[in-house]
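*Asks:* Mind having a look at this structure? Questions to follow.
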Amino acid sequence: MNFLPEALDDYITANSEDEPELLQRLSRETHQKILQPRMLSGHYQGRLLSIISKIANPKCILEIGTYTGYSALCLAEGLQKNGELHTIDINEELVDFQRKYFDESGYGKQIHQHLGDALDIIPQLKINFDIVFIDADKENYSKYFHLIIDKLNPGGIILSDNVLWSGKVIEPLKKDDKSTEGLMEYNKLLKDDDRIETVMLPIRDGLTLSRKK
């Protein structure tokens with residue numbers, strides 16, 4: 001979801017860095033073949049992820065929620081020469097799709113795919129991270145935070161997607177809406193946790209940038 005008028009949103013995108021050709025093809029194939037293509041980070045947010053990663057120049061990145069691999073490729077652009085990105089997804093049907101684009105990108109050997117429940121996989125990763133991108137099941141965002149915060153290096157960055165959830169976070173909470181409830185709890189957690197400093201950005205469906213002190 002975009003909160004700005006379409007014409008203004010188009011102007012912002014047109015005056016930002018161009019979308020790489022490989023990502024254009026990935027986006028096109030996702031829209032043609034994969035369910036829920038709106039889950040893609042997309043051109044503008046993808047360029048934002050790329051430039052944040054390039055500024056941070058991370059040694060190690062963790063992504064929770066791979067989908068078709070668009071955001072992973074954007075984040076990989078900032079990796080150090082011998083850096084690595086670990087990305088976790090529960091959808092077995094997308095693994096080969098992701099790998100095709102990962103290998104074509106030139107970052108293939110640096111990107112490690114993990115298939116399964118992130119709540120089980122994260123504790124098994126005996127490494128620390130410089131960037132963590134959270135874009136998975138919304139009701140578990142707080143659980144992911146508690147699993148990764150001690151694995152995040154000082155000065156490390158947490159990027160959290162969909163934190164505005166089509167504006168539902170400011171509407172009366174509907175019964176059994178676990179996703180919105182989970183996001184509301186998570187947003188408060190980020191604001192209140194004194195181990196990090198946080199800024200919420202009204203980009204697409206909301207993106208929060210948090211830095212570990």
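Residue numbering restarts at 1 in every chain; chains get A, B, ... in the order shown in the structure tokens, and ligands count up from 1 in that same order.
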Would you mind writing down, as a compact mmCIF listing (two decimals) with N, CA and C atoms, in the first residue's frame, each residue of segment 32-102 of chain A that DSSP on the backbone assigns to alpha helix (DSSP H)?
*Replies:*
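selection-v2.txt, freshly written:
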# COMPACT_ATOMS: atom_id res chain seq x y z
N GLN A 32 3.86 -12.44 -12.99
CA GLN A 32 3.27 -13.37 -13.96
C GLN A 32 2.96 -14.74 -13.36
N LYS A 33 3.79 -15.19 -12.40
CA LYS A 33 3.74 -16.60 -12.01
C LYS A 33 3.45 -16.87 -10.54
N GLY A 42 9.75 -4.10 -4.28
CA GLY A 42 9.51 -3.18 -5.38
C GLY A 42 10.64 -2.19 -5.59
N HIS A 43 10.54 -1.44 -6.70
CA HIS A 43 11.60 -0.55 -7.16
C HIS A 43 12.07 0.43 -6.09
N TYR A 44 11.17 1.27 -5.59
CA TYR A 44 11.58 2.34 -4.69
C TYR A 44 12.10 1.80 -3.36
N GLN A 45 11.33 0.94 -2.72
CA GLN A 45 11.80 0.40 -1.43
C GLN A 45 13.05 -0.43 -1.62
N GLY A 46 13.14 -1.13 -2.75
CA GLY A 46 14.33 -1.92 -3.02
C GLY A 46 15.58 -1.06 -3.12
N ARG A 47 15.46 0.11 -3.76
CA ARG A 47 16.62 1.01 -3.85
C ARG A 47 16.96 1.59 -2.47
N LEU A 48 15.95 1.78 -1.63
CA LEU A 48 16.23 2.23 -0.26
C LEU A 48 16.99 1.16 0.52
N LEU A 49 16.55 -0.09 0.42
CA LEU A 49 17.25 -1.19 1.09
C LEU A 49 18.69 -1.27 0.60
N SER A 50 18.87 -1.10 -0.70
CA SER A 50 20.20 -1.17 -1.29
C SER A 50 21.11 -0.09 -0.72
N ILE A 51 20.64 1.14 -0.68
CA ILE A 51 21.53 2.22 -0.24
C ILE A 51 21.81 2.15 1.26
N ILE A 52 20.84 1.70 2.05
CA ILE A 52 21.09 1.49 3.48
C ILE A 52 22.17 0.43 3.67
N SER A 53 22.07 -0.65 2.90
CA SER A 53 23.06 -1.71 3.00
C SER A 53 24.44 -1.22 2.55
N LYS A 54 24.48 -0.41 1.49
CA LYS A 54 25.76 0.11 1.02
C LYS A 54 26.39 1.05 2.04
N ILE A 55 25.58 1.83 2.73
CA ILE A 55 26.10 2.72 3.77
C ILE A 55 26.65 1.90 4.94
N ALA A 56 25.90 0.86 5.33
CA ALA A 56 26.31 0.03 6.47
C ALA A 56 27.47 -0.89 6.12
N TYR A 70 13.65 -10.67 -4.08
CA TYR A 70 13.92 -9.30 -4.51
C TYR A 70 14.67 -8.51 -3.44
N SER A 71 14.16 -8.50 -2.22
CA SER A 71 14.79 -7.71 -1.16
C SER A 71 16.16 -8.26 -0.79
N ALA A 72 16.32 -9.58 -0.84
CA ALA A 72 17.64 -10.17 -0.56
C ALA A 72 18.68 -9.66 -1.53
N LEU A 73 18.32 -9.57 -2.80
CA LEU A 73 19.27 -9.09 -3.81
C LEU A 73 19.58 -7.61 -3.60
N CYS A 74 18.60 -6.83 -3.19
CA CYS A 74 18.84 -5.42 -2.91
C CYS A 74 19.82 -5.27 -1.74
N LEU A 75 19.59 -6.01 -0.67
CA LEU A 75 20.46 -5.93 0.49
C LEU A 75 21.86 -6.47 0.19
N ALA A 76 21.94 -7.48 -0.65
CA ALA A 76 23.24 -8.08 -0.98
C ALA A 76 24.17 -7.09 -1.68
N VAL A 95 11.91 -21.92 -3.55
CA VAL A 95 13.35 -22.06 -3.38
C VAL A 95 14.09 -22.00 -4.71
N ASP A 96 13.63 -22.76 -5.71
CA ASP A 96 14.32 -22.79 -7.00
C ASP A 96 14.19 -21.45 -7.72
N PHE A 97 13.04 -20.81 -7.60
CA PHE A 97 12.83 -19.49 -8.19
C PHE A 97 13.84 -18.50 -7.63
N GLN A 98 13.97 -18.48 -6.32
CA GLN A 98 14.94 -17.59 -5.66
C GLN A 98 16.36 -17.87 -6.14
N ARG A 99 16.71 -19.14 -6.14
CA ARG A 99 18.09 -19.52 -6.45
C ARG A 99 18.47 -19.13 -7.87
N LYS A 100 17.54 -19.24 -8.80
CA LYS A 100 17.82 -18.86 -10.18
C LYS A 100 18.30 -17.41 -10.26
N TYR A 101 17.61 -16.52 -9.58
CA TYR A 101 17.99 -15.10 -9.62
C TYR A 101 19.20 -14.81 -8.75
N PHE A 102 19.32 -15.50 -7.62
CA PHE A 102 20.50 -15.31 -6.78
C PHE A 102 21.77 -15.63 -7.57
*Asks:* Which residues come within 12 Å of His31 of chain A, counting only C-alpha atoms, excluding same-chain residues fewer than 6 positions away, as a list in words?
*Replies:*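 So the residues in contact are Gln24, Arg25, Pro37, Arg38, Met39, Leu40, Gly42 and Thr68 of chain A.
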*Asks:* For segment 104-111 of chain A, list every protein, DNA or RNA residue within 10 Å, evaluated using only C-alpha atoms, and leave out those in the same chain fewer than 4 positions away; present the list as a PyMOL selection string.
*Replies:* chain A and resi 22-23+60-62+72-73+76-77+79-87+98-100
*Asks:* Deliver the residues from the most recent selection as a file, using N, CA and C atoms, as a PDB file, in the first residue's frame.
*Replies:*
ATOM      1  N   LEU A  22      18.066  -6.891 -13.800  1.00  0.00           N
ATOM      2  CA  LEU A  22      17.776  -8.211 -13.238  1.00  0.00           C
ATOM      3  C   LEU A  22      16.550  -8.153 -12.327  1.00  0.00           C
ATOM      4  N   LEU A  23      16.460  -7.113 -11.511  1.00  0.00           N
ATOM      5  CA  LEU A  23      15.327  -6.986 -10.604  1.00  0.00           C
ATOM      6  C   LEU A  23      14.037  -6.654 -11.357  1.00  0.00           C
ATOM      7  N   CYS A  60      27.546  -9.414   7.524  1.00  0.00           N
ATOM      8  CA  CYS A  60      26.558 -10.490   7.564  1.00  0.00           C
ATOM      9  C   CYS A  60      25.156  -9.906   7.712  1.00  0.00           C
ATOM     10  N   ILE A  61      24.232 -10.394   6.891  1.00  0.00           N
ATOM     11  CA  ILE A  61      22.839  -9.950   6.878  1.00  0.00           C
ATOM     12  C   ILE A  61      21.933 -11.143   7.142  1.00  0.00           C
ATOM     13  N   LEU A  62      20.868 -10.914   7.903  1.00  0.00           N
ATOM     14  CA  LEU A  62      19.815 -11.909   8.090  1.00  0.00           C
ATOM     15  C   LEU A  62      18.520 -11.336   7.540  1.00  0.00           C
ATOM     16  N   ALA A  72      16.321  -9.578  -0.842  1.00  0.00           N
ATOM     17  CA  ALA A  72      17.636 -10.167  -0.555  1.00  0.00           C
ATOM     18  C   ALA A  72      18.684  -9.657  -1.532  1.00  0.00           C
ATOM     19  N   LEU A  73      18.322  -9.573  -2.805  1.00  0.00           N
ATOM     20  CA  LEU A  73      19.265  -9.092  -3.805  1.00  0.00           C
ATOM     21  C   LEU A  73      19.576  -7.611  -3.603  1.00  0.00           C
ATOM     22  N   ALA A  76      21.943  -7.478  -0.654  1.00  0.00           N
ATOM     23  CA  ALA A  76      23.240  -8.077  -0.981  1.00  0.00           C
ATOM     24  C   ALA A  76      24.166  -7.089  -1.678  1.00  0.00           C
ATOM     25  N   GLU A  77      23.603  -6.050  -2.293  1.00  0.00           N
ATOM     26  CA  GLU A  77      24.422  -5.074  -3.014  1.00  0.00           C
ATOM     27  C   GLU A  77      25.418  -4.353  -2.098  1.00  0.00           C
ATOM     28  N   LEU A  79      26.911  -5.818   0.635  1.00  0.00           N
ATOM     29  CA  LEU A  79      27.759  -6.763   1.365  1.00  0.00           C
ATOM     30  C   LEU A  79      29.247  -6.506   1.133  1.00  0.00           C
ATOM     31  N   GLN A  80      30.018  -6.746   2.166  1.00  0.00           N
ATOM     32  CA  GLN A  80      31.464  -6.761   2.001  1.00  0.00           C
ATOM     33  C   GLN A  80      31.856  -7.887   1.046  1.00  0.00           C
ATOM     34  N   LYS A  81      33.069  -7.810   0.527  1.00  0.00           N
ATOM     35  CA  LYS A  81      33.510  -8.761  -0.499  1.00  0.00           C
ATOM     36  C   LYS A  81      33.332 -10.206  -0.054  1.00  0.00           C
ATOM     37  N   ASN A  82      33.642 -10.488   1.196  1.00  0.00           N
ATOM     38  CA  ASN A  82      33.512 -11.857   1.710  1.00  0.00           C
ATOM     39  C   ASN A  82      32.311 -12.000   2.642  1.00  0.00           C
ATOM     40  N   GLY A  83      31.372 -11.061   2.541  1.00  0.00           N
ATOM     41  CA  GLY A  83      30.198 -11.100   3.392  1.00  0.00           C
ATOM     42  C   GLY A  83      29.187 -12.140   2.946  1.00  0.00           C
ATOM     43  N   GLU A  84      28.179 -12.362   3.801  1.00  0.00           N
ATOM     44  CA  GLU A  84      27.159 -13.343   3.464  1.00  0.00           C
ATOM     45  C   GLU A  84      25.790 -12.894   3.950  1.00  0.00           C
ATOM     46  N   LEU A  85      24.783 -13.377   3.259  1.00  0.00           N
ATOM     47  CA  LEU A  85      23.388 -13.081   3.594  1.00  0.00           C
ATOM     48  C   LEU A  85      22.659 -14.395   3.818  1.00  0.00           C
ATOM     49  N   HIS A  86      21.994 -14.507   4.963  1.00  0.00           N
ATOM     50  CA  HIS A  86      21.189 -15.681   5.283  1.00  0.00           C
ATOM     51  C   HIS A  86      19.721 -15.285   5.195  1.00  0.00           C
ATOM     52  N   THR A  87      18.968 -15.985   4.379  1.00  0.00           N
ATOM     53  CA  THR A  87      17.563 -15.654   4.188  1.00  0.00           C
ATOM     54  C   THR A  87      16.694 -16.871   4.475  1.00  0.00           C
ATOM     55  N   GLN A  98      13.973 -18.481  -6.316  1.00  0.00           N
ATOM     56  CA  GLN A  98      14.939 -17.593  -5.658  1.00  0.00           C
ATOM     57  C   GLN A  98      16.357 -17.873  -6.140  1.00  0.00           C
ATOM     58  N   ARG A  99      16.709 -19.142  -6.141  1.00  0.00           N
ATOM     59  CA  ARG A  99      18.093 -19.523  -6.452  1.00  0.00           C
ATOM     60  C   ARG A  99      18.474 -19.134  -7.871  1.00  0.00           C
ATOM     61  N   LYS A 100      17.537 -19.237  -8.797  1.00  0.00           N
ATOM     62  CA  LYS A 100      17.823 -18.859 -10.180  1.00  0.00           C
ATOM     63  C   LYS A 100      18.305 -17.407 -10.262  1.00  0.00           C
TER      64      LYS A 100
END
*Asks:* Step one, run DSSP on the backbone; step two, keep only residues of segment 43-211 of chain A assigned to strand (DSSP E); then write them as a PyMOL selection string.
*Replies:* chain A and resi 60-64+84-89+111-115+129-134+152-161+196-201+207-211
*Asks:* Using the selection just defined, write its residues with C-alpha atoms as a PDB file, in the first residue's frame.
*Replies:*
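So the final result, stored in part-v4.pdb, reads:
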ATOM      1  CA  CYS A  60      26.558 -10.490   7.564  1.00  0.00           C
ATOM      2  CA  ILE A  61      22.839  -9.950   6.878  1.00  0.00           C
ATOM      3  CA  LEU A  62      19.815 -11.909   8.090  1.00  0.00           C
ATOM      4  CA  GLU A  63      16.545 -11.743   6.193  1.00  0.00           C
ATOM      5  CA  ILE A  64      13.377 -13.233   7.692  1.00  0.00           C
ATOM      6  CA  GLU A  84      27.159 -13.343   3.464  1.00  0.00           C
ATOM      7  CA  LEU A  85      23.388 -13.081   3.594  1.00  0.00           C
ATOM      8  CA  HIS A  86      21.189 -15.681   5.283  1.00  0.00           C
ATOM      9  CA  THR A  87      17.563 -15.654   4.188  1.00  0.00           C
ATOM     10  CA  ILE A  88      14.768 -17.737   5.698  1.00  0.00           C
ATOM     11  CA  ASP A  89      11.432 -18.718   4.182  1.00  0.00           C
ATOM     12  CA  ILE A 111      23.413 -15.924  -0.267  1.00  0.00           C
ATOM     13  CA  HIS A 112      22.427 -18.879   1.910  1.00  0.00           C
ATOM     14  CA  GLN A 113      18.823 -20.089   1.790  1.00  0.00           C
ATOM     15  CA  HIS A 114      17.191 -21.636   4.853  1.00  0.00           C
ATOM     16  CA  LEU A 115      13.889 -23.462   4.453  1.00  0.00           C
ATOM     17  CA  PHE A 129      24.520  -9.825  12.067  1.00  0.00           C
ATOM     18  CA  ASP A 130      25.004  -6.231  10.965  1.00  0.00           C
ATOM     19  CA  ILE A 131      21.587  -5.926   9.292  1.00  0.00           C
ATOM     20  CA  VAL A 132      18.367  -7.838   9.956  1.00  0.00           C
ATOM     21  CA  PHE A 133      15.382  -7.416   7.629  1.00  0.00           C
ATOM     22  CA  ILE A 134      12.077  -8.666   9.050  1.00  0.00           C
ATOM     23  CA  LEU A 152      22.831  -8.012  16.272  1.00  0.00           C
ATOM     24  CA  ASN A 153      26.188  -6.282  16.481  1.00  0.00           C
ATOM     25  CA  PRO A 154      26.422  -2.859  18.171  1.00  0.00           C
ATOM     26  CA  GLY A 155      25.504  -0.248  15.588  1.00  0.00           C
ATOM     27  CA  GLY A 156      23.615  -2.909  13.670  1.00  0.00           C
ATOM     28  CA  ILE A 157      20.360  -2.167  11.878  1.00  0.00           C
ATOM     29  CA  ILE A 158      16.927  -3.768  12.039  1.00  0.00           C
ATOM     30  CA  LEU A 159      14.639  -3.051   9.092  1.00  0.00           C
ATOM     31  CA  SER A 160      10.990  -3.980   9.706  1.00  0.00           C
ATOM     32  CA  ASP A 161       8.515  -4.045   6.821  1.00  0.00           C
ATOM     33  CA  ILE A 196      17.755   0.474  20.144  1.00  0.00           C
ATOM     34  CA  GLU A 197      16.803   3.803  18.615  1.00  0.00           C
ATOM     35  CA  THR A 198      13.961   3.730  16.119  1.00  0.00           C
ATOM     36  CA  VAL A 199      12.424   5.814  13.336  1.00  0.00           C
ATOM     37  CA  MET A 200       9.265   4.739  11.506  1.00  0.00           C
ATOM     38  CA  LEU A 201       9.110   5.744   7.851  1.00  0.00           C
ATOM     39  CA  LEU A 207       9.225   0.592   7.082  1.00  0.00           C
ATOM     40  CA  THR A 208      10.893   0.978  10.474  1.00  0.00           C
ATOM     41  CA  LEU A 209      14.609   1.637  10.789  1.00  0.00           C
ATOM     42  CA  SER A 210      16.116   0.697  14.160  1.00  0.00           C
ATOM     43  CA  ARG A 211      19.757   0.936  15.247  1.00  0.00           C
TER      44      ARG A 211
END
*Asks:* If we count only C-alpha atoms, what is near Asp137 of chain A at a cut-off of 10 Å, once residues fewer than 6 positions away on the same chain are taken out, given as a short mmCIF file (atom, residue, chain, number, x, y, z; two decimals) with C-alpha atoms, in the first residue's frame?
*Replies:*
data_model
loop_
_atom_site.label_atom_id
_atom_site.label_comp_id
_atom_site.auth_asym_id
_atom_site.auth_seq_id
_atom_site.Cartn_x
_atom_site.Cartn_y
_atom_site.Cartn_z
CA ILE A 64 13.38 -13.23 7.69
CA GLY A 65 10.97 -13.80 4.81
CA ALA A 118 12.41 -18.94 11.31
CA TYR A 144 11.79 -12.52 15.92
CA LYS A 178 -3.64 -11.50 14.97
CA SER A 179 -1.49 -9.82 12.32
CA GLY A 182 1.11 -8.46 16.51
CA LEU A 183 2.30 -5.41 14.59
#
*Asks:* Between A:Glu29, A:Asp120, A:Glu181, A:Asp150, which has the minimum distance to Val169 of chain A (counting only C-alpha atoms)?
*Replies:*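 Smallest distance to Val169 of chain A is found for A:Glu181.
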*Asks:* Find the residues near Ser166 of chain A: any atom within 12 Å, counting only C-alpha atoms, skip ones fewer than 6 places away on the same chain, and give them as a list in words.
*Replies:*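 Near Ser166 of chain A, the qualifying residues are Met1, Asn2, Phe3, Ser179, Thr180, Leu183, Pro202, Ile203, Arg204, Asp205, Gly206 and Leu207 of chain A.
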